[in-house]
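The structure appears right after this line, and notes come after that.
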Protein chains: 2
Amino acid sequence: MPQYQAPLADFQFLMQDWLALNDHYAHLGLDDFDGELANEVVAQGAKFATDVVAPLNRSGDEQGCTLADGKVTTPEGFAAAYQEYIANGWNAMLGPVDYEGQGLPYTMAVPVHEMLNSANLSWRLTTMLTESAVLAMRKHATKELKDLYLSKLVTGEWTGTMNLTEPQAGTDLALLSTKAEPQDDGSYAITGNKIFITGGDQDWSSNVIHMVLARLPDAPKGVKGISLFLVPKLLLDENGEPAEPNALSVGSIEHKMGIKASPTCVMNYDGATGWLVGEPHQGLACMFTMMNDARFQVGLQGLGAAEASFQGALTYARERQQSRAPQGVQQPDEKADAIVFQPDVARMLLTQKTLTEGCRALSMLYAKYMDIEHHGSADEQREAGKVIQFLTPVCKAFMTDMGLEVTNHGIQVFGGHGYIREWGMEQLARDVRIAQLYEGTNGIQALDLIGRKLTRDGGDMLAATCDAFGELISAMDNQERRAHAQALLDDWRATSADCLGMEPADVAVAACDYLAYTAYSLLGVLWYSMADAAQQSDNSTLAAAKEKCCAFYEARILPRRDSHRLAFQSGAANVLSVTGSEFDYL
Amino acid sequence: MPQYQAPLADFQFLMQDWLALNDHYAHLGLDDFDGELANEVVAQGAKFATDVVAPLNRSGDEQGCTLADGKVTTPEGFAAAYQEYIANGWNAMLGPVDYEGQGLPYTMAVPVHEMLNSANLSWRLTTMLTESAVLAMRKHATKELKDLYLSKLVTGEWTGTMNLTEPQAGTDLALLSTKAEPQDDGSYAITGNKIFITGGDQDWSSNVIHMVLARLPDAPKGVKGISLFLVPKLLLDENGEPAEPNALSVGSIEHKMGIKASPTCVMNYDGATGWLVGEPHQGLACMFTMMNDARFQVGLQGLGAAEASFQGALTYARERQQSRAPQGVQQPDEKADAIVFQPDVARMLLTQKTLTEGCRALSMLYAKYMDIEHHGSADEQREAGKVIQFLTPVCKAFMTDMGLEVTNHGIQVFGGHGYIREWGMEQLARDVRIAQLYEGTNGIQALDLIGRKLTRDGGDMLAATCDAFGELISAMDNQERRAHAQALLDDWRATSADCLGMEPADVAVAACDYLAYTAYSLLGVLWYSMADAAQQSDNSTLAAAKEKCCAFYEARILPRRDSHRLAFQSGAANVLSVTGSEFDYL
């Protein structure tokens, strides 16, 4: 596969022409930031992703991780790349300034995260989890715990993990059974087994800080009896340096379909010393603090893989010559035309491109509202929070479903060579497949969207999201395009409002199709908006390309919306009436 | 993953209630065969697939194949299973009776092939290629060559391979450059490199018979200058026994995404001795003799993987308990309800089930027309041939696309565990991914359907296919269901007829969406037909299940037809207008 190239021109278009970051930062009073700095951050991030991380992607997949004598070894070059990453401050981008963070706007960090995912999804994962641990601690940990641990997590000197899943408790955390016994010194003894722990151990950092869900002795049953604990791999000495090993160990590392260079660990806690983060029995609420961010970040993995696959497919399609194009000979001096001229290959490439660029716009819009949620006026923060709440499951589920689809198109463009490991195209599909499963399966995301986000407060989040997309439409110049976008948004809003009174079981049947219907609708608005913004720019080549992509999306992708709508409007009976043995062959 | 169970009840329903095999065989004068024998063959095939082949599937994936000293070693147990397969006569099912074949109807063999694919796709592949070589020889080889080679290929004492692809010539065989020099003794010296050769070597059989495409010295350029040659691994002595090694070797074996237990070889021919099969320069026509069969067989791989995945997902969904079902507590004595009661999981299972059973019906209908093409009256043979021609690309492309979708639903039902190799669910998705690529990519199938099959002879194959499906509708009892099915067929026929006058480039843009539109339409007719046949049977539980599945398909799968139709009816401009750098970021 050709070397990954950062899509800098598309970021620039989105940041400057589409989102107008200068105005955005000025409006939020972020005086230290402007569009130029954003460009610079993204350009430097691109350099790191392409030069340092991307070259380790194939070898990482082949080497995988190993566990010996209780220690995990990651593939060659991974630890060194991490040292360079933290030395250059990338780990601290979003961290709080009072704990050595840079407090960058999301609109600067999100492009960097996308590029890291494109370059090497396995490598990126561990740093993503550290960011989650930072978020959980920042909001819920005591000052004492923060002073001991937070700066090291922000800089990346130490890494973080999230310990939720147990063998019997995945989607249903009510079933989790890890125990926390209070000790006389105010700490807790944590005992239990956790599975699917990303970066449970590695050879990158001098300590690993585990955020662990467990039950106190007096805990109520169910999810209301779960508390969050900080459990370091190495206990700190009086100087705050890692010293004695804690009573925890890596039981094994999983054999997986992909992300083989990321150690997915079984963790055993045998009376390990931990400290409470947040209030007793409020562990789930503490986890939800970082859930929006983590779920969005998983969505970015789908986007990153899609971009890498599109690039690989486009390069190959321009080089690989087979047959003549049916619309006429394209390369008369060659024995055959490049397959990029084959209409069906072009169709696959445009499917990849319009889905990927559409999702990139979605991710940047999300980042904009994250900025507003952090830095806007009180009113703005509240409204932005609703948009974020609503869009989080859409980003997580749709962008990862899209990631699988696009990486499979990438394989298909390569023909039989797409199936061969050395080309790297099949790895992208294997790696991204996990993203539909973790941080809540995409089915759970869909239930969250239609069962909670859509209906809460009488459709308040729906209204805020409509306003956010309506704002994009208001900024559009071309009347016809604006009318198309408005019709799309109105149709979606009305159809969504119809779902507000549904019964829980009906909601559950409708969920996935409703989410897909929503995502294809909103991506349509984004495409109209991008085409319009490109038209308003002074780049006529860009304007033509975005307009054609918009037309492609409208004609060939948007119709999927209709089939999903028909499916979820067909009612729940066609699913719920099938019971018991009727699933079997009779 | 639970042990694979053969779907015998569904085969019985399709063979007895739906296809009425007794009448079918009687009508064709196949007096040696009846429905009871068909049941017996399928039951014995099920035993072999489940007891012998299925247990080798996971270990085969982990062990893979190795090449050392020019010899390929397949995973443990594979060779022994093959010896049992040929000893029990399975390899000879479809072989000609005058060369030790059993001459079974396709309606008996196809279920066995599906089950072998479910059990172990890698293992099945080599035997499938031998059947292709038999077909090519049967029609085109001289009696002398047949007498020397054919019986051994039919029994499976020797295996066969197909050598088409070269590094520079995949989809475009016009570019192939392997040479065949005539020798004084009537043989040819074959020189060139072939890639992607399934079973190019293995440790199963005492000889390997390669069917190789190459060019004679005086050959015209392009595909009209390709000839077919038989090139044995070991040359035969005067007694017809394998003796001296031929001048050919395995250069390497490919590292692949899946089907790791199937050796995919790079073959080097260095003046190897071969014999012409068929007329000079008619190699492509000879290959097309077996193309329908081979493409259909690849479609069966999609079906087989889908069935295995559905079974795994259903079993897991019944065992795995997480959360309570939103429609009310289902298992009050347990801590949580089995996830099969979660509406979204049931929706995924029904998607798997209705796609899989729909494709199984399609494959059995195809088998019925294969029987007619071989044994019907001259008129019947001609008409059946048209149906087969038309349905071949639909079976190949749709059943393999469906295979990838269904195996991915299977992973999703398992949640994070679906990503773990030991469960076996991710292997099904990796293994089946090849089926969309080989024997002509699915894009090539779609071009074949809309560009050749649909339009040839003014839509003659379309008409024959409509008649075939119309016959199913005529046999239906329930008037309402019949009206739905007829409307669906009429709509598809009219829309298809509209495509007859399209320009070549427009056809190429429309191809994949037209194929999907066609497949979803035809599967709809099949579902109405199956529901009706089940109603007419004396099994009321079966009738209820098929009726509910039909309703599910109609409400939740069939709407996809509309989005594909809208896509291909949108015209070619939205693809063809995008040129050159407009694919890039600008």
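Letters A, B, ... go to the chains of the structure tokens in the order shown; residues in each chain start at 1; ligands are counted from 1 in the same order.
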From a DSSP calculation on the backbone, collect every residue of segment 229-351 of chain B in strand (DSSP E) and output the set as a ChimeraX atom specification.
/B:229-232,234-236,242-245,248-253,264-277
Expected file contents, prior selection, N, CA, C and O atoms, as a CSV table (one decimal), in the first residue's frame:
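Written out: selection-v2.csv:
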chain,number,residue,atom,x,y,z
B,229,PHE,N,-4.3,-25.5,-21.8
B,229,PHE,CA,-3.4,-26.6,-21.7
B,229,PHE,C,-3.5,-27.4,-20.4
B,229,PHE,O,-3.8,-26.8,-19.4
B,230,LEU,N,-3.3,-28.7,-20.5
B,230,LEU,CA,-3.3,-29.6,-19.4
B,230,LEU,C,-1.8,-29.8,-19.0
B,230,LEU,O,-1.1,-30.3,-19.9
B,231,VAL,N,-1.4,-29.5,-17.8
B,231,VAL,CA,0.0,-29.6,-17.4
B,231,VAL,C,0.1,-30.3,-16.1
B,231,VAL,O,-0.2,-29.7,-15.1
B,232,PRO,N,0.5,-31.6,-16.1
B,232,PRO,CA,0.5,-32.3,-14.8
B,232,PRO,C,1.7,-32.0,-14.0
B,232,PRO,O,2.8,-31.7,-14.6
B,234,LEU,N,3.3,-34.2,-12.2
B,234,LEU,CA,4.2,-35.4,-12.5
B,234,LEU,C,3.7,-35.9,-13.8
B,234,LEU,O,2.5,-36.2,-14.0
B,235,LEU,N,4.7,-36.1,-14.7
B,235,LEU,CA,4.4,-36.7,-16.0
B,235,LEU,C,4.0,-38.2,-15.8
B,235,LEU,O,4.6,-38.8,-14.9
B,236,LEU,N,3.2,-38.7,-16.7
B,236,LEU,CA,2.7,-40.1,-16.5
B,236,LEU,C,3.7,-41.0,-17.2
B,236,LEU,O,4.2,-40.7,-18.3
B,242,PRO,N,1.8,-41.5,-12.2
B,242,PRO,CA,2.7,-40.4,-12.1
B,242,PRO,C,4.1,-40.8,-11.9
B,242,PRO,O,4.4,-41.7,-11.1
B,243,ALA,N,5.0,-40.2,-12.7
B,243,ALA,CA,6.4,-40.6,-12.6
B,243,ALA,C,7.4,-39.4,-12.5
B,243,ALA,O,7.5,-38.8,-11.4
B,244,GLU,N,8.0,-39.0,-13.6
B,244,GLU,CA,8.9,-37.9,-13.6
B,244,GLU,C,8.3,-36.5,-13.3
B,244,GLU,O,7.2,-36.2,-13.8
B,245,PRO,N,8.9,-35.7,-12.5
B,245,PRO,CA,8.4,-34.3,-12.2
B,245,PRO,C,8.5,-33.5,-13.5
B,245,PRO,O,9.4,-33.6,-14.3
B,248,LEU,N,7.9,-27.6,-13.5
B,248,LEU,CA,7.1,-26.5,-12.9
B,248,LEU,C,7.3,-26.6,-11.4
B,248,LEU,O,7.8,-27.6,-10.8
B,249,SER,N,7.1,-25.5,-10.7
B,249,SER,CA,7.3,-25.4,-9.3
B,249,SER,C,6.5,-24.3,-8.6
B,249,SER,O,5.9,-23.4,-9.3
B,250,VAL,N,6.3,-24.5,-7.3
B,250,VAL,CA,5.6,-23.5,-6.5
B,250,VAL,C,6.6,-22.5,-6.1
B,250,VAL,O,7.6,-22.8,-5.4
B,251,GLY,N,6.4,-21.2,-6.5
B,251,GLY,CA,7.4,-20.2,-6.1
B,251,GLY,C,7.2,-19.7,-4.7
B,251,GLY,O,8.2,-19.5,-4.0
B,252,SER,N,5.9,-19.6,-4.3
B,252,SER,CA,5.7,-19.2,-2.9
B,252,SER,C,4.2,-19.4,-2.6
B,252,SER,O,3.4,-19.7,-3.5
B,253,ILE,N,3.8,-19.3,-1.4
B,253,ILE,CA,2.4,-19.3,-1.1
B,253,ILE,C,2.0,-17.9,-0.4
B,253,ILE,O,2.8,-17.3,0.3
B,264,THR,N,-2.6,-21.0,-1.5
B,264,THR,CA,-2.7,-20.1,-2.7
B,264,THR,C,-1.3,-19.9,-3.2
B,264,THR,O,-0.5,-19.2,-2.6
B,265,CYS,N,-1.1,-20.5,-4.4
B,265,CYS,CA,0.3,-20.6,-4.8
B,265,CYS,C,0.7,-19.7,-6.0
B,265,CYS,O,-0.1,-19.3,-6.8
B,266,VAL,N,1.9,-19.2,-6.0
B,266,VAL,CA,2.6,-18.7,-7.2
B,266,VAL,C,3.2,-19.9,-7.9
B,266,VAL,O,3.9,-20.6,-7.3
B,267,MET,N,2.8,-20.1,-9.2
B,267,MET,CA,3.3,-21.2,-9.9
B,267,MET,C,4.3,-20.7,-11.0
B,267,MET,O,3.9,-19.8,-11.8
B,268,ASN,N,5.4,-21.4,-11.1
B,268,ASN,CA,6.4,-21.1,-12.2
B,268,ASN,C,6.4,-22.2,-13.2
B,268,ASN,O,6.7,-23.4,-12.8
B,269,TYR,N,6.2,-22.0,-14.4
B,269,TYR,CA,6.3,-23.0,-15.5
B,269,TYR,C,7.6,-22.7,-16.3
B,269,TYR,O,7.7,-21.6,-16.9
B,270,ASP,N,8.5,-23.6,-16.3
B,270,ASP,CA,9.8,-23.4,-17.0
B,270,ASP,C,9.9,-24.4,-18.2
B,270,ASP,O,10.7,-25.3,-18.1
B,271,GLY,N,9.1,-24.2,-19.2
B,271,GLY,CA,9.1,-25.2,-20.3
B,271,GLY,C,8.5,-26.5,-19.9
B,271,GLY,O,8.8,-27.5,-20.3
B,272,ALA,N,7.5,-26.4,-19.0
B,272,ALA,CA,6.8,-27.6,-18.6
B,272,ALA,C,6.0,-28.2,-19.7
B,272,ALA,O,5.5,-27.5,-20.6
B,273,THR,N,5.9,-29.5,-19.7
B,273,THR,CA,5.2,-30.2,-20.8
B,273,THR,C,3.7,-30.2,-20.6
B,273,THR,O,3.2,-30.6,-19.5
B,274,GLY,N,3.0,-29.8,-21.6
B,274,GLY,CA,1.5,-29.7,-21.5
B,274,GLY,C,0.9,-30.2,-22.8
B,274,GLY,O,1.5,-30.4,-23.8
B,275,TRP,N,-0.4,-30.4,-22.7
B,275,TRP,CA,-1.2,-30.8,-23.9
B,275,TRP,C,-2.4,-29.9,-24.1
B,275,TRP,O,-3.0,-29.4,-23.2
B,276,LEU,N,-2.7,-29.6,-25.4
B,276,LEU,CA,-3.7,-28.7,-25.7
B,276,LEU,C,-5.1,-29.3,-25.3
B,276,LEU,O,-5.3,-30.4,-25.6
B,277,VAL,N,-5.9,-28.5,-24.7
B,277,VAL,CA,-7.3,-28.9,-24.4
B,277,VAL,C,-8.2,-28.0,-25.3
B,277,VAL,O,-8.2,-26.7,-25.1
List as a tab-separated table every residue of chain A that is in contact with chain B, defined as an atom at most 7 Å from one of its atoms (using only C-alpha atoms), together with the nearest atom pair and the distance in Å rounded to one decimal, sorted by chain and then rising number.
residue	atom	partner	partner_atom	distance
A:Pro7	CA	B:Tyr585	CA	6.5
A:Ala9	CA	B:Tyr585	CA	5.7
A:Asp10	CA	B:Tyr585	CA	5.8
A:Thr171	CA	B:Gln322	CA	6.6
A:Asp172	CA	B:Gln322	CA	5.2
A:Glu254	CA	B:Ile420	CA	6.8
A:His255	CA	B:Arg421	CA	5.7
A:Lys256	CA	B:Ile420	CA	4.6
A:Met257	CA	B:Tyr419	CA	5.6
A:Gln322	CA	B:Asp172	CA	5.2
A:Ser323	CA	B:Asp172	CA	5.3
A:Pro326	CA	B:Ala505	CA	5.2
A:Gln327	CA	B:Ala505	CA	5.0
A:Pro343	CA	B:Val509	CA	5.2
A:Asp344	CA	B:Val509	CA	5.4
A:Ala346	CA	B:Val575	CA	6.6
A:Arg347	CA	B:Val575	CA	6.0
A:Gln412	CA	B:Leu437	CA	6.8
A:Gly415	CA	B:Leu437	CA	5.6
A:Gly416	CA	B:Leu437	CA	5.5
A:Tyr419	CA	B:Met257	CA	5.6
A:Ile420	CA	B:Lys256	CA	4.6
A:Arg421	CA	B:Lys256	CA	5.2
A:Glu426	CA	B:Met257	CA	6.3
A:Ile434	CA	B:Tyr419	CA	6.6
A:Leu437	CA	B:Gly416	CA	5.5
A:Tyr438	CA	B:Gly416	CA	6.4
A:Thr441	CA	B:Gly415	CA	6.5
A:Gly443	CA	B:Asp344	CA	6.7
A:Pro504	CA	B:Pro326	CA	5.8
A:Ala505	CA	B:Gln327	CA	5.0
A:Ala508	CA	B:Pro343	CA	5.7
A:Val509	CA	B:Pro343	CA	5.2
A:Leu542	CA	B:Leu586	CA	5.5
A:Ala545	CA	B:Glu582	CA	5.1
A:Lys548	CA	B:Val578	CA	6.6
A:Ala551	CA	B:Asn574	CA	6.2
A:Phe552	CA	B:Asn574	CA	5.1
A:Ala555	CA	B:Ser570	CA	5.9
A:Arg556	CA	B:Ala567	CA	4.5
A:Pro559	CA	B:Ser563	CA	4.7
A:Arg560	CA	B:Ser563	CA	5.1
A:Asp562	CA	B:Ser563	CA	6.6
A:Ser563	CA	B:Pro559	CA	4.7
A:Leu566	CA	B:Pro559	CA	6.4
A:Ala567	CA	B:Arg556	CA	4.5
A:Ser570	CA	B:Ala555	CA	5.9
A:Asn574	CA	B:Phe552	CA	5.1
A:Val575	CA	B:Arg347	CA	6.0
A:Leu576	CA	B:Pro343	CA	6.7
A:Val578	CA	B:Lys548	CA	6.6
A:Glu582	CA	B:Ala545	CA	5.1
A:Tyr585	CA	B:Ala9	CA	5.7
A:Leu586	CA	B:Leu542	CA	5.5
Tell me which protein, DNA and RNA residues are within 9 Å of segment 469-485 of chain B, counting only C-alpha atoms, leaving out same-chain ones fewer than 4 positions away, and put them as a short mmCIF file (atom, residue, chain, number, x, y, z; two decimals) with N, CA and C atoms, in the first residue's frame.
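Once everything was written out, this is around_11.cif:
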data_model
loop_
_atom_site.label_atom_id
_atom_site.label_comp_id
_atom_site.auth_asym_id
_atom_site.auth_seq_id
_atom_site.Cartn_x
_atom_site.Cartn_y
_atom_site.Cartn_z
N ALA B 464 -36.73 -15.66 -20.04
CA ALA B 464 -36.70 -17.03 -19.51
C ALA B 464 -36.68 -17.02 -17.98
N THR B 465 -35.94 -16.07 -17.41
CA THR B 465 -35.86 -15.98 -15.95
C THR B 465 -37.21 -15.55 -15.38
N LEU B 489 -42.40 -9.10 -9.32
CA LEU B 489 -41.76 -9.61 -10.54
C LEU B 489 -42.02 -8.68 -11.73
N ASP B 490 -43.25 -8.20 -11.84
CA ASP B 490 -43.59 -7.30 -12.95
C ASP B 490 -42.78 -6.01 -12.88
N LEU B 522 -35.74 -10.68 -6.65
CA LEU B 522 -35.97 -12.11 -6.87
C LEU B 522 -36.07 -12.87 -5.54
N GLY B 524 -37.31 -11.70 -2.95
CA GLY B 524 -38.67 -11.43 -2.48
C GLY B 524 -39.65 -12.44 -3.04
N VAL B 525 -39.56 -12.70 -4.35
CA VAL B 525 -40.44 -13.70 -4.96
C VAL B 525 -40.21 -15.07 -4.31
N LEU B 526 -38.94 -15.39 -4.08
CA LEU B 526 -38.63 -16.68 -3.45
C LEU B 526 -39.24 -16.78 -2.06
N TRP B 527 -39.21 -15.68 -1.31
CA TRP B 527 -39.78 -15.71 0.04
C TRP B 527 -41.29 -15.89 0.01
N TYR B 528 -41.96 -15.20 -0.89
CA TYR B 528 -43.41 -15.42 -1.02
C TYR B 528 -43.69 -16.87 -1.38
N SER B 529 -42.88 -17.38 -2.29
CA SER B 529 -43.08 -18.75 -2.75
C SER B 529 -42.83 -19.76 -1.63
N ALA B 531 -43.02 -19.17 1.64
CA ALA B 531 -44.07 -19.03 2.65
C ALA B 531 -45.31 -19.79 2.20
N ASP B 532 -45.60 -19.69 0.92
CA ASP B 532 -46.79 -20.37 0.40
C ASP B 532 -46.63 -21.89 0.44
N ALA B 533 -45.48 -22.37 0.05
CA ALA B 533 -45.24 -23.82 0.06
C ALA B 533 -45.31 -24.36 1.48
N GLN B 535 -47.08 -23.14 3.88
CA GLN B 535 -48.50 -23.11 4.23
C GLN B 535 -49.20 -24.37 3.69
N GLN B 536 -48.78 -24.77 2.50
CA GLN B 536 -49.39 -25.93 1.87
C GLN B 536 -48.93 -27.25 2.47
#
Give me the residues within 10 Å of Leu148 of chain B as a count of residues only, counting only C-alpha atoms and dropping any in the same chain fewer than 4 places off.
8
Got a sec: who's within 12 Å of Phe33 of chain B, counting only C-alpha atoms, leaving out chain neighbours fewer than 2 positions off, as a PyMOL selection string?
chain B and resi 21-31+35-41+102-108+371
Let me see the file: selected residues, N, CA, C and O atoms, as a short mmCIF file (atom, residue, chain, number, x, y, z; two decimals), in the first residue's frame.
data_model
loop_
_atom_site.label_atom_id
_atom_site.label_comp_id
_atom_site.auth_asym_id
_atom_site.auth_seq_id
_atom_site.Cartn_x
_atom_site.Cartn_y
_atom_site.Cartn_z
N LEU B 21 -39.02 -32.72 -5.52
CA LEU B 21 -38.00 -33.43 -6.30
C LEU B 21 -38.50 -34.72 -6.95
O LEU B 21 -38.05 -35.08 -8.03
N ASN B 22 -39.43 -35.43 -6.29
CA ASN B 22 -39.96 -36.65 -6.91
C ASN B 22 -40.52 -36.35 -8.30
O ASN B 22 -40.18 -37.03 -9.27
N ASP B 23 -41.37 -35.36 -8.38
CA ASP B 23 -41.95 -34.98 -9.67
C ASP B 23 -40.87 -34.49 -10.64
O ASP B 23 -40.90 -34.80 -11.83
N HIS B 24 -39.96 -33.70 -10.10
CA HIS B 24 -38.87 -33.13 -10.90
C HIS B 24 -38.05 -34.24 -11.57
O HIS B 24 -37.82 -34.22 -12.78
N TYR B 25 -37.64 -35.23 -10.78
CA TYR B 25 -36.83 -36.32 -11.34
C TYR B 25 -37.65 -37.15 -12.33
O TYR B 25 -37.16 -37.55 -13.38
N ALA B 26 -38.90 -37.42 -11.97
CA ALA B 26 -39.76 -38.22 -12.85
C ALA B 26 -39.93 -37.51 -14.19
O ALA B 26 -39.82 -38.13 -15.26
N HIS B 27 -40.17 -36.21 -14.11
CA HIS B 27 -40.37 -35.43 -15.33
C HIS B 27 -39.14 -35.49 -16.24
O HIS B 27 -39.26 -35.54 -17.47
N LEU B 28 -37.96 -35.48 -15.62
CA LEU B 28 -36.72 -35.51 -16.41
C LEU B 28 -36.31 -36.93 -16.79
O LEU B 28 -35.26 -37.13 -17.41
N GLY B 29 -37.11 -37.91 -16.41
CA GLY B 29 -36.78 -39.29 -16.70
C GLY B 29 -35.58 -39.80 -15.92
O GLY B 29 -34.89 -40.74 -16.34
N LEU B 30 -35.30 -39.19 -14.79
CA LEU B 30 -34.17 -39.64 -13.95
C LEU B 30 -34.69 -40.73 -13.02
O LEU B 30 -34.91 -40.52 -11.82
N ASP B 31 -34.87 -41.91 -13.58
CA ASP B 31 -35.58 -42.96 -12.86
C ASP B 31 -34.80 -43.52 -11.67
O ASP B 31 -35.37 -44.12 -10.77
N GLY B 35 -36.84 -38.38 -4.26
CA GLY B 35 -36.67 -37.50 -3.10
C GLY B 35 -36.05 -38.21 -1.91
O GLY B 35 -35.27 -37.63 -1.16
N GLU B 36 -36.38 -39.47 -1.76
CA GLU B 36 -35.85 -40.22 -0.62
C GLU B 36 -34.33 -40.37 -0.73
O GLU B 36 -33.60 -40.18 0.25
N LEU B 37 -33.88 -40.70 -1.94
CA LEU B 37 -32.44 -40.81 -2.15
C LEU B 37 -31.76 -39.46 -1.91
O LEU B 37 -30.67 -39.38 -1.31
N ALA B 38 -32.41 -38.41 -2.37
CA ALA B 38 -31.85 -37.06 -2.15
C ALA B 38 -31.68 -36.79 -0.66
O ALA B 38 -30.62 -36.32 -0.22
N ASN B 39 -32.70 -37.12 0.11
CA ASN B 39 -32.59 -36.95 1.57
C ASN B 39 -31.42 -37.74 2.13
O ASN B 39 -30.69 -37.27 3.01
N GLU B 40 -31.25 -38.96 1.63
CA GLU B 40 -30.21 -39.83 2.13
C GLU B 40 -28.82 -39.27 1.79
O GLU B 40 -27.92 -39.24 2.64
N VAL B 41 -28.65 -38.83 0.54
CA VAL B 41 -27.37 -38.24 0.14
C VAL B 41 -27.05 -37.03 1.01
O VAL B 41 -25.92 -36.88 1.53
N GLN B 102 -20.65 -40.33 -10.57
CA GLN B 102 -21.96 -40.83 -10.16
C GLN B 102 -23.09 -40.15 -10.93
O GLN B 102 -24.24 -40.60 -10.84
N GLY B 103 -22.81 -39.07 -11.61
CA GLY B 103 -23.83 -38.39 -12.39
C GLY B 103 -25.05 -37.99 -11.57
O GLY B 103 -26.18 -38.02 -12.06
N LEU B 104 -24.83 -37.59 -10.32
CA LEU B 104 -25.96 -37.18 -9.48
C LEU B 104 -26.57 -35.88 -10.01
O LEU B 104 -25.87 -35.05 -10.59
N PRO B 105 -27.85 -35.69 -9.79
CA PRO B 105 -28.44 -34.40 -10.10
C PRO B 105 -27.81 -33.30 -9.23
O PRO B 105 -27.36 -33.57 -8.11
N TYR B 106 -27.81 -32.07 -9.78
CA TYR B 106 -27.32 -30.93 -8.99
C TYR B 106 -28.14 -30.72 -7.73
O TYR B 106 -27.61 -30.26 -6.71
N THR B 107 -29.42 -31.01 -7.81
CA THR B 107 -30.27 -30.82 -6.62
C THR B 107 -29.86 -31.72 -5.45
O THR B 107 -30.26 -31.47 -4.33
N MET B 108 -29.08 -32.74 -5.71
CA MET B 108 -28.54 -33.54 -4.60
C MET B 108 -27.17 -33.05 -4.16
O MET B 108 -26.82 -33.10 -2.98
N ASP B 371 -30.22 -29.22 -13.39
CA ASP B 371 -30.73 -30.56 -13.72
C ASP B 371 -31.45 -30.53 -15.07
O ASP B 371 -31.26 -31.42 -15.91
#
Which of B:Ser205, B:Trp492, B:Val42, B:Gly70 sits closest to Ile86 of chain B [using only C-alpha atoms]
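Closest to Ile86 of chain B, using only C-alpha atoms: B:Ser205.
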Residues within 10 Å of Val53 of chain B, please, as a PyMOL selection string. Count only C-alpha atoms; anything in the same chain fewer than 2 positions from it doesn't count.
chain B and resi 47-51+55-57+77-78+81-82+85+115-121+123-124
Those same residues, written as a PDB file, in the first residue's frame with C-alpha atoms?
ATOM      1  CA  LYS B  47     -22.468 -36.356   8.574  1.00  0.00           C
ATOM      2  CA  PHE B  48     -19.229 -36.010   6.669  1.00  0.00           C
ATOM      3  CA  ALA B  49     -19.266 -32.199   6.795  1.00  0.00           C
ATOM      4  CA  THR B  50     -20.033 -31.986  10.488  1.00  0.00           C
ATOM      5  CA  ASP B  51     -18.011 -34.933  11.796  1.00  0.00           C
ATOM      6  CA  PRO B  55     -13.647 -29.938  13.420  1.00  0.00           C
ATOM      7  CA  LEU B  56     -10.609 -28.949  11.320  1.00  0.00           C
ATOM      8  CA  ASN B  57     -11.780 -25.411  10.608  1.00  0.00           C
ATOM      9  CA  GLY B  77      -5.932 -33.650   9.472  1.00  0.00           C
ATOM     10  CA  PHE B  78      -6.665 -32.032   6.116  1.00  0.00           C
ATOM     11  CA  ALA B  81     -10.141 -35.889   5.649  1.00  0.00           C
ATOM     12  CA  TYR B  82      -9.565 -35.680   1.910  1.00  0.00           C
ATOM     13  CA  TYR B  85     -13.859 -37.793   1.191  1.00  0.00           C
ATOM     14  CA  MET B 115     -22.530 -27.859   3.961  1.00  0.00           C
ATOM     15  CA  LEU B 116     -18.859 -28.394   3.101  1.00  0.00           C
ATOM     16  CA  ASN B 117     -18.496 -24.626   2.740  1.00  0.00           C
ATOM     17  CA  SER B 118     -20.155 -24.036   6.104  1.00  0.00           C
ATOM     18  CA  ALA B 119     -17.932 -26.619   7.724  1.00  0.00           C
ATOM     19  CA  ASN B 120     -14.592 -25.533   6.319  1.00  0.00           C
ATOM     20  CA  LEU B 121     -14.295 -23.170   3.400  1.00  0.00           C
ATOM     21  CA  TRP B 123     -10.765 -27.363   2.895  1.00  0.00           C
ATOM     22  CA  ARG B 124     -13.611 -27.354   0.366  1.00  0.00           C
TER      23      ARG B 124
END
Taking 6 positions as the minimum chain separation for residues in the same chain, which residues sit within 10 Å of Leu300 of chain A when counting only C-alpha atoms? Answer as a PyMOL selection string.
chain A and resi 110-111+113-118+294+306+359-360+363+395-396+399-400+403+435
Picked from segment 421-490 of chain B by DSSP as alpha helix (DSSP H), as a VMD selection string:
chain B and resid 425 to 432 442 to 447 460 to 474 479 to 490
